[in-house]
Structures are given as structure tokens and as C-alpha cells.
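Structure file my_file-v5.txt; described as compact mmCIF, C-alpha atoms.
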```txt
# COMPACT_ATOMS: atom_id res chain seq x y z
CA GLY A 23 16.35 7.08 0.71
CA ASP A 24 13.01 7.44 -0.99
CA SER A 25 10.26 9.22 0.89
CA VAL A 26 6.75 10.60 0.45
CA THR A 27 5.26 13.48 2.41
CA GLN A 28 1.52 14.16 2.49
CA MET A 29 -0.26 17.17 3.87
CA GLU A 30 -1.24 16.92 7.50
CA GLY A 31 -4.79 15.78 8.04
CA PRO A 32 -7.53 15.14 8.74
CA VAL A 33 -9.43 17.06 6.08
CA THR A 34 -13.11 17.83 6.60
CA LEU A 35 -15.23 19.19 3.74
CA SER A 36 -18.85 19.77 2.85
CA GLU A 37 -20.35 17.89 -0.08
CA GLU A 38 -19.55 19.49 -3.47
CA ALA A 39 -16.48 21.29 -2.11
CA PHE A 40 -13.13 21.27 -3.93
CA LEU A 41 -10.51 18.88 -2.65
CA THR A 42 -6.73 19.14 -2.73
CA ILE A 43 -4.41 16.77 -0.90
CA ASN A 44 -0.76 17.70 -1.28
CA CYS A 45 1.93 15.11 -1.89
CA THR A 46 5.64 15.64 -2.43
CA TYR A 47 8.32 13.03 -2.86
CA THR A 48 12.05 12.43 -2.72
CA ALA A 49 13.51 9.74 -4.94
CA THR A 50 16.46 9.02 -7.14
CA GLY A 51 15.75 8.41 -10.78
CA TYR A 52 12.26 8.52 -12.19
CA PRO A 53 9.72 6.86 -9.91
CA SER A 54 6.17 5.92 -10.72
CA LEU A 55 3.61 7.69 -8.56
CA PHE A 56 0.31 6.41 -7.21
CA TRP A 57 -2.69 7.41 -5.16
CA TYR A 58 -4.42 4.66 -3.23
CA VAL A 59 -7.62 4.91 -1.19
CA GLN A 60 -8.57 2.83 1.86
CA TYR A 61 -12.13 2.51 3.11
CA PRO A 62 -12.79 1.37 6.69
CA GLY A 63 -11.98 -2.30 7.23
CA GLU A 64 -10.62 -2.78 3.73
CA GLY A 65 -7.33 -3.01 1.88
CA LEU A 66 -5.95 -0.38 -0.47
CA GLN A 67 -7.54 0.35 -3.83
CA LEU A 68 -5.65 2.01 -6.64
CA LEU A 69 -7.19 5.38 -7.40
CA LEU A 70 -4.85 6.64 -10.11
CA LYS A 71 -1.24 6.57 -11.24
CA ALA A 72 1.35 8.35 -13.38
CA THR A 73 4.57 6.86 -14.65
CA LYS A 74 6.48 9.82 -16.08
CA ALA A 75 6.83 13.57 -15.77
CA ASP A 76 3.80 15.64 -16.86
CA ASP A 77 1.56 12.58 -16.98
CA LYS A 78 -1.90 13.17 -15.55
CA GLY A 79 -3.66 10.30 -13.83
CA SER A 80 -7.42 10.44 -13.47
CA ASN A 81 -10.25 8.27 -12.18
CA LYS A 82 -13.73 8.83 -10.73
CA GLY A 83 -13.33 12.62 -10.94
CA PHE A 84 -9.96 12.60 -9.14
CA GLU A 85 -6.86 13.92 -10.90
CA ALA A 86 -3.15 14.23 -10.16
CA THR A 87 -0.29 15.48 -12.33
CA TYR A 88 3.30 14.22 -12.03
CA ARG A 89 5.39 17.39 -11.59
CA LYS A 90 9.08 16.56 -11.69
CA GLU A 91 10.22 20.17 -11.27
CA THR A 92 8.40 20.45 -7.93
CA THR A 93 8.56 16.71 -7.08
CA SER A 94 4.85 16.74 -6.43
CA PHE A 95 1.76 14.68 -7.20
CA HIS A 96 -1.15 16.57 -5.63
CA LEU A 97 -4.59 14.94 -5.65
CA GLU A 98 -7.59 17.06 -6.67
CA LYS A 99 -11.31 16.63 -7.13
CA GLY A 100 -13.68 19.35 -8.17
CA SER A 101 -16.73 18.27 -6.20
CA VAL A 102 -16.48 15.71 -3.40
CA GLN A 103 -19.25 13.39 -2.27
CA VAL A 104 -19.99 11.79 1.09
CA SER A 105 -18.91 8.48 -0.43
CA ASP A 106 -15.38 9.87 -0.95
CA SER A 107 -14.82 9.77 2.81
CA ALA A 108 -11.79 7.50 3.26
CA VAL A 109 -8.04 7.55 3.87
CA TYR A 110 -5.90 8.57 0.89
CA PHE A 111 -2.29 7.46 0.45
CA CYS A 112 0.29 8.84 -1.93
CA ALA A 113 2.98 6.33 -2.89
CA LEU A 114 5.99 5.94 -5.13
CA SER A 115 7.71 3.01 -6.76
CA ALA A 116 11.35 3.67 -7.46
CA GLY A 117 11.65 0.77 -9.91
CA GLY A 118 15.11 -0.56 -10.64
CA THR A 119 16.16 -2.96 -7.90
CA SER A 120 13.41 -1.78 -5.55
CA TYR A 121 11.43 -4.80 -6.55
CA GLY A 122 7.84 -4.78 -5.41
CA LYS A 123 8.36 -1.94 -2.96
CA LEU A 124 5.98 0.97 -2.59
CA THR A 125 6.97 3.84 -0.31
CA PHE A 126 3.88 5.46 1.21
CA GLY A 127 3.04 8.80 2.72
CA GLN A 128 1.40 8.86 6.12
CA GLY A 129 -2.12 9.01 4.73
CA THR A 130 -4.75 11.74 4.83
CA ILE A 131 -8.15 11.12 6.40
CA LEU A 132 -10.92 12.77 4.40
CA THR A 133 -14.39 13.26 5.87
CA VAL A 134 -17.15 14.71 3.71
CA HIS A 135 -20.33 15.98 5.38
CA PRO A 136 -23.70 16.24 3.60
CA LYS B 21 -10.45 -11.96 -12.62
CA ALA B 22 -10.47 -12.67 -8.93
CA GLY B 23 -8.60 -10.19 -6.81
CA VAL B 24 -5.91 -10.77 -4.22
CA THR B 25 -7.15 -12.94 -1.38
CA GLN B 26 -5.76 -13.20 2.12
CA THR B 27 -6.50 -15.67 4.87
CA PRO B 28 -7.36 -15.52 7.64
CA ARG B 29 -8.98 -12.08 7.85
CA TYR B 30 -8.66 -11.84 11.62
CA LEU B 31 -6.36 -13.51 14.08
CA ILE B 32 -5.77 -13.29 17.82
CA LYS B 33 -2.54 -14.64 19.28
CA THR B 34 -0.63 -14.32 22.52
CA ARG B 35 2.92 -13.12 23.02
CA GLY B 36 5.56 -15.70 22.19
CA GLN B 37 3.40 -17.61 19.72
CA GLN B 38 4.03 -17.73 16.01
CA VAL B 39 1.62 -17.03 13.15
CA THR B 40 1.39 -17.78 9.44
CA LEU B 41 -0.57 -15.61 7.03
CA SER B 42 -1.47 -16.59 3.48
CA CYS B 43 -1.87 -14.62 0.27
CA SER B 44 -3.09 -15.69 -3.16
CA PRO B 45 -2.20 -13.19 -5.91
CA ILE B 46 -4.20 -12.28 -8.98
CA SER B 47 -3.91 -14.98 -11.61
CA GLY B 48 -0.85 -14.34 -13.77
CA HIS B 49 0.86 -12.11 -11.21
CA ARG B 50 4.22 -13.45 -10.11
CA SER B 51 5.32 -10.72 -7.70
CA VAL B 52 3.95 -10.72 -4.16
CA SER B 53 4.78 -8.02 -1.62
CA TRP B 54 3.89 -7.79 2.05
CA TYR B 55 3.26 -4.65 4.11
CA GLN B 56 2.58 -3.93 7.76
CA GLN B 57 0.12 -1.14 8.58
CA THR B 58 -0.03 0.38 12.07
CA PRO B 59 -1.43 3.70 13.32
CA GLY B 60 1.99 4.79 14.52
CA GLN B 61 4.26 3.71 11.68
CA GLY B 62 1.86 3.74 8.76
CA LEU B 63 2.46 1.40 5.84
CA GLN B 64 5.84 -0.29 5.87
CA PHE B 65 7.29 -2.69 3.30
CA LEU B 66 8.23 -6.11 4.65
CA PHE B 67 9.49 -8.07 1.64
CA GLU B 68 8.81 -9.10 -1.95
CA TYR B 69 8.88 -12.49 -3.65
CA PHE B 70 9.11 -13.36 -7.33
CA SER B 71 9.40 -16.88 -8.73
CA GLU B 72 9.87 -18.29 -5.23
CA THR B 73 12.82 -15.96 -4.52
CA GLN B 74 12.98 -13.05 -2.11
CA ARG B 75 14.26 -10.11 -4.14
CA ASN B 76 13.74 -7.27 -1.72
CA LYS B 77 13.43 -6.83 2.02
CA GLY B 78 12.48 -4.01 4.34
CA ASN B 79 13.86 -3.16 7.76
CA PHE B 80 12.19 -5.74 9.92
CA PRO B 81 13.76 -8.21 12.34
CA GLY B 82 14.44 -11.80 11.35
CA ARG B 83 11.30 -12.91 13.21
CA PHE B 84 9.46 -11.86 10.06
CA SER B 85 9.94 -14.28 7.20
CA GLY B 86 8.14 -15.37 4.10
CA ARG B 87 8.10 -17.74 1.21
CA GLN B 88 6.48 -18.16 -2.16
CA PHE B 89 5.29 -21.32 -3.81
CA SER B 90 5.47 -22.38 -7.45
CA ASN B 91 1.87 -21.24 -8.02
CA SER B 92 2.86 -17.73 -6.77
CA ARG B 93 0.89 -18.05 -3.54
CA SER B 94 2.82 -16.62 -0.63
CA GLU B 95 2.95 -16.99 3.11
CA MET B 96 4.50 -14.82 5.75
CA ASN B 97 5.46 -16.04 9.20
CA VAL B 98 6.06 -14.11 12.38
CA SER B 99 7.76 -16.02 15.17
CA THR B 100 7.90 -15.13 18.85
CA LEU B 101 5.11 -12.59 18.60
CA GLU B 102 5.38 -9.29 20.45
CA LEU B 103 2.60 -6.88 21.39
CA GLY B 104 3.98 -4.43 18.82
CA ASP B 105 3.31 -6.90 16.02
CA SER B 106 -0.40 -6.14 16.28
CA ALA B 107 -1.21 -4.66 12.91
CA LEU B 108 -3.01 -5.03 9.61
CA TYR B 109 -0.85 -7.13 7.28
CA LEU B 110 -1.45 -6.40 3.62
CA CYS B 111 -0.42 -8.44 0.65
CA ALA B 112 -0.11 -6.98 -2.84
CA SER B 113 0.52 -8.58 -6.19
CA GLY B 114 1.99 -7.30 -9.42
CA ILE B 115 2.91 -8.79 -12.77
CA GLN B 116 6.66 -8.42 -12.36
CA GLY B 117 7.26 -6.15 -9.36
CA LYS B 118 9.21 -3.65 -11.44
CA GLY B 119 7.34 -0.45 -10.69
CA GLU B 120 4.00 -1.36 -12.23
CA THR B 121 0.73 -1.16 -10.30
CA GLN B 122 0.33 -3.35 -7.25
CA TYR B 123 -3.09 -4.66 -6.29
CA PHE B 124 -3.86 -5.16 -2.64
CA GLY B 125 -5.80 -7.77 -0.75
CA PRO B 126 -8.18 -6.97 2.13
CA GLY B 127 -5.53 -7.69 4.74
CA THR B 128 -5.20 -9.85 7.82
CA ARG B 129 -5.76 -8.06 11.10
CA LEU B 130 -3.51 -9.56 13.78
CA LEU B 131 -4.01 -8.82 17.45
CA VAL B 132 -1.32 -9.95 19.87
CA LEU B 133 -2.37 -10.16 23.53
```

Since I need it in another form, could you write the structure as C-alpha cells?
Amino acid sequence: GDSVTQMEGPVTLSEEAFLTINCTYTATGYPSLFWYVQYPGEGLQLLLKATKADDKGSNKGFEATYRKETTSFHLEKGSVQVSDSAVYFCALSAGGTSYGKLTFGQGTILTVHP
Amino acid sequence: KAGVTQTPRYLIKTRGQQVTLSCSPISGHRSVSWYQQTPGQGLQFLFEYFSETQRNKGNFPGRFSGRQFSNSRSEMNVSTLELGDSALYLCASGIQGKGETQYFGPGTRLLVL
């Protein structure tokens, strides 16, 4: 079945450091890929998405490129801020008859220190 | 546009009881999905409704059920609660549920004692 694997966390960085969170997936067909972020006590917020190979999603300085050849969708940010501290989830939607279903990775806790 | 709303936000129940959670999707969204989030199992898909019909279901026991009304609002019900049902229950809405973006509500945190 479909699956998403994220790098083991947690990740601790100093402000202005470079961030990479790895995400790889297994799916049949051509899934859509997403990064969601969850702040303490809240639901999930969409961070960015890509719907086909070589698409780059970007938002708030975060970027991720849909790489079909490596089945990856790694999240990057050039300079993190304390306010980026949260849990980040990589997810895929297989489409087709997988109506309304997102398959999530296990989440990566990011802590940014001043 | 108002976002996805969920009620109640917090709930405490005892084993054996049943509970009903409510979700109102974004206006114009007809697909509503439910997820369970726990520290051990992460985010798991429960089921999805579109036009009052369940189109997709995850691997949860029959104690977990749901429904959708004609205005797209959805409810999920858990009967005979177990300690392991303690979790954050998240609702998400989408326009059609066919791979497009889903937008999440703040969740209902259920504690079973």
C-alpha cells in the first residue's frame, strides 16, 4: 500500500540555520504530495504542495520539489526562525478511488533556538 | 471564508460510553474526512464522506462510524469507548476529495478514563 517515510527526529537548530527534512514515499500511480505543519494545540495547516513530477511547492520561505525518480519530496528552508518551531508532516494523496485519504509520515519535531 | 470548525474542542468520557463529534466544512466543500492522531500511531485515516455517502474507509473497528448531512456537515461516533480511543480527532474538508488539498479543523481532543 501507499506509505510515507520521514527522517527521524527531533531536529534542533539555531536561528538562521538551514533546514532539510527528508521525505520519501511509496505509491502506485502519480500521487499529489503535501507538507503540513502543526503548532501546539492546533490542527494541521497546509504548508505547500506539488501535484506532478518536477513541480516545486513553496510558501513562507519553505520549498520542496516532487522528485519522481527518487520518490522524494524533501522540505527545505534557507534560514529558520524561532517561530518555525512545530511538527512537520509529509503526506500523499493517491487520488483515484482513494477518496479523501491522506497518508502521512510520522512527523518531524523541529525546535529552533534563538 | 470561515475555516473548518469542530465541536467540541475537548471531551472527557469513561470507558463503555459513546461519543459524537461534529465537523462543519468550509463553505462549498463537499468532501469531509476524519483522522485519528495519537503519539503511538500518528495520523490515521478513519473515513471520508461525500454527498452523504461514505466513499472510503480506513482500518478501524465498527465502533467507529460517521455520517454526513445534506449541508455537508459531518459527525463521527465512537461507541463503547476504550482507553485506546483517547486521541486528537481531526476533520478535514476538500472540494471533491479527489486528491486536491484538504483543509483541517483544530480537532477534538478526546480523553477516555

Would you list which chain A residues are within 12 Å of chain B using all atoms listed in the file, as a PDB file with C-alpha atoms, keeping the file's coordinate frame?
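Wrote it out as iface.pdb, contents follow:
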```pdb
ATOM      1  CA  SER A  25      10.260   9.220   0.890  1.00  0.00           C
ATOM      2  CA  VAL A  26       6.750  10.600   0.450  1.00  0.00           C
ATOM      3  CA  TYR A  52      12.260   8.520 -12.190  1.00  0.00           C
ATOM      4  CA  PRO A  53       9.720   6.860  -9.910  1.00  0.00           C
ATOM      5  CA  SER A  54       6.170   5.920 -10.720  1.00  0.00           C
ATOM      6  CA  LEU A  55       3.610   7.690  -8.560  1.00  0.00           C
ATOM      7  CA  PHE A  56       0.310   6.410  -7.210  1.00  0.00           C
ATOM      8  CA  TRP A  57      -2.690   7.410  -5.160  1.00  0.00           C
ATOM      9  CA  TYR A  58      -4.420   4.660  -3.230  1.00  0.00           C
ATOM     10  CA  VAL A  59      -7.620   4.910  -1.190  1.00  0.00           C
ATOM     11  CA  GLN A  60      -8.570   2.830   1.860  1.00  0.00           C
ATOM     12  CA  TYR A  61     -12.130   2.510   3.110  1.00  0.00           C
ATOM     13  CA  PRO A  62     -12.790   1.370   6.690  1.00  0.00           C
ATOM     14  CA  GLY A  63     -11.980  -2.300   7.230  1.00  0.00           C
ATOM     15  CA  GLU A  64     -10.620  -2.780   3.730  1.00  0.00           C
ATOM     16  CA  GLY A  65      -7.330  -3.010   1.880  1.00  0.00           C
ATOM     17  CA  LEU A  66      -5.950  -0.380  -0.470  1.00  0.00           C
ATOM     18  CA  GLN A  67      -7.540   0.350  -3.830  1.00  0.00           C
ATOM     19  CA  LEU A  68      -5.650   2.010  -6.640  1.00  0.00           C
ATOM     20  CA  LEU A  69      -7.190   5.380  -7.400  1.00  0.00           C
ATOM     21  CA  LEU A  70      -4.850   6.640 -10.110  1.00  0.00           C
ATOM     22  CA  LYS A  71      -1.240   6.570 -11.240  1.00  0.00           C
ATOM     23  CA  ALA A  72       1.350   8.350 -13.380  1.00  0.00           C
ATOM     24  CA  THR A  73       4.570   6.860 -14.650  1.00  0.00           C
ATOM     25  CA  LYS A  74       6.480   9.820 -16.080  1.00  0.00           C
ATOM     26  CA  VAL A 109      -8.040   7.550   3.870  1.00  0.00           C
ATOM     27  CA  PHE A 111      -2.290   7.460   0.450  1.00  0.00           C
ATOM     28  CA  CYS A 112       0.290   8.840  -1.930  1.00  0.00           C
ATOM     29  CA  ALA A 113       2.980   6.330  -2.890  1.00  0.00           C
ATOM     30  CA  LEU A 114       5.990   5.940  -5.130  1.00  0.00           C
ATOM     31  CA  SER A 115       7.710   3.010  -6.760  1.00  0.00           C
ATOM     32  CA  ALA A 116      11.350   3.670  -7.460  1.00  0.00           C
ATOM     33  CA  GLY A 117      11.650   0.770  -9.910  1.00  0.00           C
ATOM     34  CA  GLY A 118      15.110  -0.560 -10.640  1.00  0.00           C
ATOM     35  CA  THR A 119      16.160  -2.960  -7.900  1.00  0.00           C
ATOM     36  CA  SER A 120      13.410  -1.780  -5.550  1.00  0.00           C
ATOM     37  CA  TYR A 121      11.430  -4.800  -6.550  1.00  0.00           C
ATOM     38  CA  GLY A 122       7.840  -4.780  -5.410  1.00  0.00           C
ATOM     39  CA  LYS A 123       8.360  -1.940  -2.960  1.00  0.00           C
ATOM     40  CA  LEU A 124       5.980   0.970  -2.590  1.00  0.00           C
ATOM     41  CA  THR A 125       6.970   3.840  -0.310  1.00  0.00           C
ATOM     42  CA  PHE A 126       3.880   5.460   1.210  1.00  0.00           C
ATOM     43  CA  GLY A 127       3.040   8.800   2.720  1.00  0.00           C
ATOM     44  CA  GLN A 128       1.400   8.860   6.120  1.00  0.00           C
ATOM     45  CA  GLY A 129      -2.120   9.010   4.730  1.00  0.00           C
ATOM     46  CA  THR A 130      -4.750  11.740   4.830  1.00  0.00           C
TER      47      THR A 130
END
```

Find the residues around Asn91 in chain B up to 9 Å (all atoms listed in the file counted), leave out those fewer than 3 positions away in its own chain, and share them as a PyMOL selection string.
-> chain B and resi 44+50+71-72+88+94

Please, what distance in Å, to one decimal, runs between CA of Leu103 in chain B and CA of Val132 in chain B?
->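 Between CA of Leu103 in chain B and CA of Val132 in chain B the gap works out to 5.2 Å.
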
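CA of Gly48 in chain B is positioned 28.4 Å from CA of Leu31 in chain B.
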
CA of Arg87 in chain B and CA of Thr34 in chain B, how far apart in Å?
-> 23.3 Å
